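As structure tokens, the structure follows; a few thoughts come after it.
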Amino acid sequence: MNPSLTQFFSVTDYLLALPMLLLTLFALAILLIDLFLPKQWKRVNAFVALAGIACSAAALGKLQWAYHVAQSQHLGFINTGFMGTLLIDPFAIYFSYLFLAGAAIAVLMSIRYLEIEQENHGEFYALMLLSVVGMMCMAAGFDIVLLFIGLELMAISTYVLVGFLRRDKRSNEAALKYLLLGAFSSA
């Protein structure tokens, strides 16, 4: 008899991971939306990415509020999830906000740049969101496996982002060097 995942993971686990799950869903939505957008509407991908960052920040704000209410009233707030691998504390909340703010600034700065370079694809914004998910996993990780998964998710996304300008030889060289450095350090 195979136990189902509901025996291992509770609703609390998914609520603690909600900011990361929202960013992942928005990254997947950007990839799907980009398939159907005409070339002149590719700017919509950036606004979907900003909406994902805003939704993730709102979910993170709810987590922060619940954490502080539980601490001030001496209630038991379950801040660990997924069998003790994820820990939501003020450290993780602070750095998650920092990562989200950095991603929002990067998205705003990249809108015009990608249009100038004529490389305005939805993959850029999806990879940026997935990179932030990896960073948030590292900030909230309480287990070495989750830390490693977060590091690799962030690193693989940034490898592709470094080499995103396919026609630029310097971009391709930098991506290859970064990939080799990351592969050797992971090994």
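As shown in the structure tokens, the chain order sets the letters A, B, ...; within each chain, residues go from 1, and ligands are also counted from 1 in the order they appear.
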
Practice task
Considering only C-alpha atoms, return as a list of chain:residue names whatever protein or nucleic-acid residues lie within 10 Å of segment 114-117 of chain A, sequence-local ones (same chain, fewer than 2 positions apart) excluded.
Solution key: A:Gln40, A:Lys42, A:Arg43, A:Met109, A:Ser110, A:Ile111, A:Arg112, A:Glu119, A:Asn120, A:His121, A:Phe124, A:Leu165, A:Arg167

Could the residues in this selection be written to a file with N, CA and C atoms, as a PDB file, in the first residue's frame?
ATOM      1  N   GLN A  40       4.834  42.435 -31.211  1.00  0.00           N
ATOM      2  CA  GLN A  40       4.680  43.790 -30.687  1.00  0.00           C
ATOM      3  C   GLN A  40       4.071  43.819 -29.281  1.00  0.00           C
ATOM      4  N   LYS A  42       5.100  41.662 -26.753  1.00  0.00           N
ATOM      5  CA  LYS A  42       5.985  40.906 -25.864  1.00  0.00           C
ATOM      6  C   LYS A  42       6.238  41.618 -24.540  1.00  0.00           C
ATOM      7  N   ARG A  43       5.937  42.902 -24.482  1.00  0.00           N
ATOM      8  CA  ARG A  43       6.107  43.664 -23.243  1.00  0.00           C
ATOM      9  C   ARG A  43       5.162  43.151 -22.148  1.00  0.00           C
ATOM     10  N   MET A 109      14.122  47.364 -15.444  1.00  0.00           N
ATOM     11  CA  MET A 109      15.270  47.829 -16.236  1.00  0.00           C
ATOM     12  C   MET A 109      15.406  47.062 -17.545  1.00  0.00           C
ATOM     13  N   SER A 110      14.944  45.829 -17.575  1.00  0.00           N
ATOM     14  CA  SER A 110      15.171  44.992 -18.758  1.00  0.00           C
ATOM     15  C   SER A 110      14.136  45.189 -19.858  1.00  0.00           C
ATOM     16  N   ILE A 111      13.033  45.813 -19.566  1.00  0.00           N
ATOM     17  CA  ILE A 111      11.973  45.953 -20.576  1.00  0.00           C
ATOM     18  C   ILE A 111      12.507  46.656 -21.817  1.00  0.00           C
ATOM     19  N   ARG A 112      13.051  47.828 -21.635  1.00  0.00           N
ATOM     20  CA  ARG A 112      13.553  48.594 -22.781  1.00  0.00           C
ATOM     21  C   ARG A 112      14.815  47.968 -23.376  1.00  0.00           C
ATOM     22  N   GLU A 119      15.676  40.960 -28.387  1.00  0.00           N
ATOM     23  CA  GLU A 119      15.664  39.636 -27.764  1.00  0.00           C
ATOM     24  C   GLU A 119      14.552  39.564 -26.730  1.00  0.00           C
ATOM     25  N   ASN A 120      13.426  40.154 -27.025  1.00  0.00           N
ATOM     26  CA  ASN A 120      12.325  40.236 -26.070  1.00  0.00           C
ATOM     27  C   ASN A 120      11.523  38.934 -26.087  1.00  0.00           C
ATOM     28  N   HIS A 121      11.986  37.967 -25.304  1.00  0.00           N
ATOM     29  CA  HIS A 121      11.326  36.671 -25.213  1.00  0.00           C
ATOM     30  C   HIS A 121      10.835  36.459 -23.782  1.00  0.00           C
ATOM     31  N   PHE A 124      13.139  34.990 -20.727  1.00  0.00           N
ATOM     32  CA  PHE A 124      13.970  35.839 -19.875  1.00  0.00           C
ATOM     33  C   PHE A 124      13.289  36.067 -18.530  1.00  0.00           C
ATOM     34  N   LEU A 165      21.757  36.662 -24.765  1.00  0.00           N
ATOM     35  CA  LEU A 165      21.957  37.340 -26.048  1.00  0.00           C
ATOM     36  C   LEU A 165      22.716  36.391 -26.962  1.00  0.00           C
ATOM     37  N   ARG A 167      23.300  36.226 -30.139  1.00  0.00           N
ATOM     38  CA  ARG A 167      24.138  36.725 -31.234  1.00  0.00           C
ATOM     39  C   ARG A 167      25.412  37.405 -30.739  1.00  0.00           C
TER      40      ARG A 167
END

Exercise for the section: Would you kindly return, as a ChimeraX atom specification, each protein, DNA or RNA residue with an atom no farther than 10 Å from any atom of Ile53 of chain A, considering only C-alpha atoms and excluding same-chain residues fewer than 4 positions away? Expected result: /A:19-20,22-23,26,47-49,57-59,97,99-101,103-104,107,129,132

Take the selection from the previous step and output its residues with N, CA and C atoms, as a PDB file, in the first residue's frame.
ATOM      1  N   PRO A  19       4.792  31.780  -1.382  1.00  0.00           N
ATOM      2  CA  PRO A  19       5.481  32.771  -2.230  1.00  0.00           C
ATOM      3  C   PRO A  19       6.315  32.124  -3.332  1.00  0.00           C
ATOM      4  N   MET A  20       6.972  31.033  -3.033  1.00  0.00           N
ATOM      5  CA  MET A  20       7.780  30.338  -4.041  1.00  0.00           C
ATOM      6  C   MET A  20       6.892  29.645  -5.069  1.00  0.00           C
ATOM      7  N   LEU A  22       3.895  30.592  -5.989  1.00  0.00           N
ATOM      8  CA  LEU A  22       3.303  31.615  -6.852  1.00  0.00           C
ATOM      9  C   LEU A  22       4.285  32.073  -7.925  1.00  0.00           C
ATOM     10  N   LEU A  23       5.536  32.276  -7.547  1.00  0.00           N
ATOM     11  CA  LEU A  23       6.526  32.671  -8.548  1.00  0.00           C
ATOM     12  C   LEU A  23       6.708  31.587  -9.599  1.00  0.00           C
ATOM     13  N   PHE A  26       3.691  31.702 -11.940  1.00  0.00           N
ATOM     14  CA  PHE A  26       3.764  32.840 -12.853  1.00  0.00           C
ATOM     15  C   PHE A  26       4.842  32.627 -13.910  1.00  0.00           C
ATOM     16  N   PHE A  47       5.050  42.599 -17.550  1.00  0.00           N
ATOM     17  CA  PHE A  47       3.998  42.967 -16.600  1.00  0.00           C
ATOM     18  C   PHE A  47       3.456  41.748 -15.868  1.00  0.00           C
ATOM     19  N   VAL A  48       3.419  40.602 -16.530  1.00  0.00           N
ATOM     20  CA  VAL A  48       3.032  39.365 -15.848  1.00  0.00           C
ATOM     21  C   VAL A  48       4.078  39.001 -14.798  1.00  0.00           C
ATOM     22  N   ALA A  49       5.353  39.200 -15.124  1.00  0.00           N
ATOM     23  CA  ALA A  49       6.417  38.935 -14.155  1.00  0.00           C
ATOM     24  C   ALA A  49       6.298  39.866 -12.949  1.00  0.00           C
ATOM     25  N   ALA A  57       5.070  38.798  -3.081  1.00  0.00           N
ATOM     26  CA  ALA A  57       5.324  39.714  -1.963  1.00  0.00           C
ATOM     27  C   ALA A  57       4.104  39.805  -1.043  1.00  0.00           C
ATOM     28  N   ALA A  58       2.902  39.771  -1.626  1.00  0.00           N
ATOM     29  CA  ALA A  58       1.690  39.806  -0.802  1.00  0.00           C
ATOM     30  C   ALA A  58       1.569  38.538   0.042  1.00  0.00           C
ATOM     31  N   ALA A  59       1.861  37.389  -0.551  1.00  0.00           N
ATOM     32  CA  ALA A  59       1.825  36.132   0.211  1.00  0.00           C
ATOM     33  C   ALA A  59       2.886  36.129   1.304  1.00  0.00           C
ATOM     34  N   TYR A  97      12.117  39.277   0.683  1.00  0.00           N
ATOM     35  CA  TYR A  97      11.732  40.619   0.240  1.00  0.00           C
ATOM     36  C   TYR A  97      12.847  41.267  -0.571  1.00  0.00           C
ATOM     37  N   PHE A  99      15.180  39.774  -2.362  1.00  0.00           N
ATOM     38  CA  PHE A  99      15.253  39.130  -3.672  1.00  0.00           C
ATOM     39  C   PHE A  99      14.115  39.585  -4.580  1.00  0.00           C
ATOM     40  N   LEU A 100      12.915  39.718  -4.022  1.00  0.00           N
ATOM     41  CA  LEU A 100      11.774  40.165  -4.815  1.00  0.00           C
ATOM     42  C   LEU A 100      11.953  41.610  -5.284  1.00  0.00           C
ATOM     43  N   ALA A 101      12.479  42.457  -4.411  1.00  0.00           N
ATOM     44  CA  ALA A 101      12.716  43.848  -4.802  1.00  0.00           C
ATOM     45  C   ALA A 101      13.778  43.921  -5.903  1.00  0.00           C
ATOM     46  N   ALA A 103      14.480  41.608  -8.077  1.00  0.00           N
ATOM     47  CA  ALA A 103      13.893  41.075  -9.310  1.00  0.00           C
ATOM     48  C   ALA A 103      12.964  42.101  -9.953  1.00  0.00           C
ATOM     49  N   ALA A 104      12.198  42.813  -9.154  1.00  0.00           N
ATOM     50  CA  ALA A 104      11.299  43.833  -9.710  1.00  0.00           C
ATOM     51  C   ALA A 104      12.099  44.938 -10.394  1.00  0.00           C
ATOM     52  N   VAL A 107      13.477  43.529 -13.674  1.00  0.00           N
ATOM     53  CA  VAL A 107      12.437  43.420 -14.704  1.00  0.00           C
ATOM     54  C   VAL A 107      12.146  44.791 -15.298  1.00  0.00           C
ATOM     55  N   LEU A 129      12.296  34.756 -12.699  1.00  0.00           N
ATOM     56  CA  LEU A 129      11.440  34.353 -11.580  1.00  0.00           C
ATOM     57  C   LEU A 129      11.907  33.036 -10.969  1.00  0.00           C
ATOM     58  N   VAL A 132      14.811  33.613  -8.730  1.00  0.00           N
ATOM     59  CA  VAL A 132      14.391  34.143  -7.435  1.00  0.00           C
ATOM     60  C   VAL A 132      13.818  33.033  -6.557  1.00  0.00           C
TER      61      VAL A 132
END

Counting only C-alpha atoms, which residues of segment 48-152 of chain A sit at most 12 Å from some atom of segment 169-187 of chain A, and what is each one's closest atom pair with its distance in Å to one decimal, listed by chain and rising residue number, as a tab-separated table?
residue	atom	partner	partner_atom	distance
A:Phe148	CA	A:Ser186	CA	8.9
A:Ile149	CA	A:Ser186	CA	11.0
A:Leu151	CA	A:Ser186	CA	9.4
A:Glu152	CA	A:Ser186	CA	8.3

Could you take the residues named above and write them with all heavy atoms, as a CSV table (one decimal), in the first residue's frame?
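What landed in result-v5.csv:
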chain,number,residue,atom,x,y,z
A,148,PHE,N,20.9,22.9,-1.5
A,148,PHE,CA,21.5,22.6,-2.8
A,148,PHE,C,20.5,22.7,-4.0
A,148,PHE,O,20.9,23.2,-5.0
A,148,PHE,CB,22.0,21.1,-2.7
A,148,PHE,CG,22.8,20.7,-3.9
A,148,PHE,CD1,24.1,21.2,-4.2
A,148,PHE,CD2,22.3,19.9,-4.9
A,148,PHE,CE1,24.8,20.9,-5.3
A,148,PHE,CE2,23.0,19.5,-6.0
A,148,PHE,CZ,24.2,20.0,-6.2
A,149,ILE,N,19.3,22.3,-3.8
A,149,ILE,CA,18.3,22.4,-4.8
A,149,ILE,C,18.1,23.9,-5.2
A,149,ILE,O,18.0,24.3,-6.3
A,149,ILE,CB,16.9,21.8,-4.4
A,149,ILE,CG1,17.1,20.2,-4.4
A,149,ILE,CG2,15.8,22.2,-5.3
A,149,ILE,CD1,15.9,19.5,-3.9
A,151,LEU,N,20.2,26.3,-4.7
A,151,LEU,CA,21.5,26.8,-5.3
A,151,LEU,C,21.5,26.4,-6.8
A,151,LEU,O,21.8,27.2,-7.7
A,151,LEU,CB,22.7,26.3,-4.6
A,151,LEU,CG,24.0,26.6,-5.2
A,151,LEU,CD1,24.3,28.1,-5.0
A,151,LEU,CD2,25.1,25.8,-4.6
A,152,GLU,N,21.2,25.2,-7.1
A,152,GLU,CA,21.2,24.7,-8.5
A,152,GLU,C,20.1,25.4,-9.3
A,152,GLU,O,20.3,25.7,-10.5
A,152,GLU,CB,21.1,23.2,-8.6
A,152,GLU,CG,22.3,22.5,-8.1
A,152,GLU,CD,23.6,22.9,-8.9
A,152,GLU,OE1,23.5,22.9,-10.1
A,152,GLU,OE2,24.6,23.2,-8.3

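Picture a line from atom CA of Ala17 of chain A to atom CA of Asp143 of chain A; it runs 14.7 Å.
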
Exercise for the section: Can you check which residues of segment 81-153 of chain A DSSP gives as alpha helix (DSSP H) on the backbone and send them as a ChimeraX atom specification? Expected result: /A:90-117,122-140,144-153

Pull C-alpha atoms from the residues just selected and write them as a PDB file, in the first residue's frame.
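File result25.pdb, as written:
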ATOM      1  CA  PRO A  90      12.563  36.779  10.014  1.00  0.00           C
ATOM      2  CA  PHE A  91      15.849  36.000   8.228  1.00  0.00           C
ATOM      3  CA  ALA A  92      14.103  34.159   5.394  1.00  0.00           C
ATOM      4  CA  ILE A  93      11.373  36.800   5.156  1.00  0.00           C
ATOM      5  CA  TYR A  94      13.870  39.677   4.986  1.00  0.00           C
ATOM      6  CA  PHE A  95      15.976  38.081   2.276  1.00  0.00           C
ATOM      7  CA  SER A  96      12.905  37.001   0.314  1.00  0.00           C
ATOM      8  CA  TYR A  97      11.732  40.619   0.240  1.00  0.00           C
ATOM      9  CA  LEU A  98      15.216  41.662  -0.820  1.00  0.00           C
ATOM     10  CA  PHE A  99      15.253  39.130  -3.672  1.00  0.00           C
ATOM     11  CA  LEU A 100      11.774  40.165  -4.815  1.00  0.00           C
ATOM     12  CA  ALA A 101      12.716  43.848  -4.802  1.00  0.00           C
ATOM     13  CA  GLY A 102      15.865  43.111  -6.800  1.00  0.00           C
ATOM     14  CA  ALA A 103      13.893  41.075  -9.310  1.00  0.00           C
ATOM     15  CA  ALA A 104      11.299  43.833  -9.710  1.00  0.00           C
ATOM     16  CA  ILE A 105      14.028  46.390 -10.388  1.00  0.00           C
ATOM     17  CA  ALA A 106      15.725  44.025 -12.862  1.00  0.00           C
ATOM     18  CA  VAL A 107      12.437  43.420 -14.704  1.00  0.00           C
ATOM     19  CA  LEU A 108      11.756  47.146 -14.956  1.00  0.00           C
ATOM     20  CA  MET A 109      15.270  47.829 -16.236  1.00  0.00           C
ATOM     21  CA  SER A 110      15.171  44.992 -18.758  1.00  0.00           C
ATOM     22  CA  ILE A 111      11.973  45.953 -20.576  1.00  0.00           C
ATOM     23  CA  ARG A 112      13.553  48.594 -22.781  1.00  0.00           C
ATOM     24  CA  TYR A 113      16.930  46.844 -22.992  1.00  0.00           C
ATOM     25  CA  LEU A 114      15.438  43.667 -24.426  1.00  0.00           C
ATOM     26  CA  GLU A 115      13.508  45.691 -26.992  1.00  0.00           C
ATOM     27  CA  ILE A 116      16.709  47.460 -28.070  1.00  0.00           C
ATOM     28  CA  GLU A 117      18.574  44.149 -28.374  1.00  0.00           C
ATOM     29  CA  GLY A 122       9.237  35.412 -22.311  1.00  0.00           C
ATOM     30  CA  GLU A 123      11.937  32.963 -21.296  1.00  0.00           C
ATOM     31  CA  PHE A 124      13.970  35.839 -19.875  1.00  0.00           C
ATOM     32  CA  TYR A 125      11.307  36.749 -17.333  1.00  0.00           C
ATOM     33  CA  ALA A 126      10.477  33.129 -16.534  1.00  0.00           C
ATOM     34  CA  LEU A 127      14.131  32.370 -15.844  1.00  0.00           C
ATOM     35  CA  MET A 128      14.405  35.460 -13.694  1.00  0.00           C
ATOM     36  CA  LEU A 129      11.440  34.353 -11.580  1.00  0.00           C
ATOM     37  CA  LEU A 130      12.793  30.821 -11.276  1.00  0.00           C
ATOM     38  CA  SER A 131      16.145  32.228 -10.206  1.00  0.00           C
ATOM     39  CA  VAL A 132      14.391  34.143  -7.435  1.00  0.00           C
ATOM     40  CA  VAL A 133      12.616  30.929  -6.392  1.00  0.00           C
ATOM     41  CA  GLY A 134      16.021  29.300  -6.016  1.00  0.00           C
ATOM     42  CA  MET A 135      17.272  32.212  -3.934  1.00  0.00           C
ATOM     43  CA  MET A 136      14.202  32.049  -1.706  1.00  0.00           C
ATOM     44  CA  CYS A 137      14.730  28.305  -1.258  1.00  0.00           C
ATOM     45  CA  MET A 138      18.264  28.981  -0.112  1.00  0.00           C
ATOM     46  CA  ALA A 139      17.148  31.687   2.316  1.00  0.00           C
ATOM     47  CA  ALA A 140      14.432  29.483   3.828  1.00  0.00           C
ATOM     48  CA  ILE A 144      21.291  20.744   3.026  1.00  0.00           C
ATOM     49  CA  VAL A 145      19.230  19.120   0.261  1.00  0.00           C
ATOM     50  CA  LEU A 146      16.874  22.108  -0.056  1.00  0.00           C
ATOM     51  CA  LEU A 147      19.846  24.478   0.050  1.00  0.00           C
ATOM     52  CA  PHE A 148      21.490  22.560  -2.796  1.00  0.00           C
ATOM     53  CA  ILE A 149      18.265  22.428  -4.835  1.00  0.00           C
ATOM     54  CA  GLY A 150      17.833  26.184  -4.380  1.00  0.00           C
ATOM     55  CA  LEU A 151      21.453  26.827  -5.346  1.00  0.00           C
ATOM     56  CA  GLU A 152      21.188  24.732  -8.497  1.00  0.00           C
ATOM     57  CA  LEU A 153      17.844  26.260  -9.519  1.00  0.00           C
TER      58      LEU A 153
END

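Per DSSP on the backbone, strand (DSSP E or B) in segment 24-161 of chain A comprises Thr80, Gly81, Leu86, Leu87 and Gly141 of chain A.
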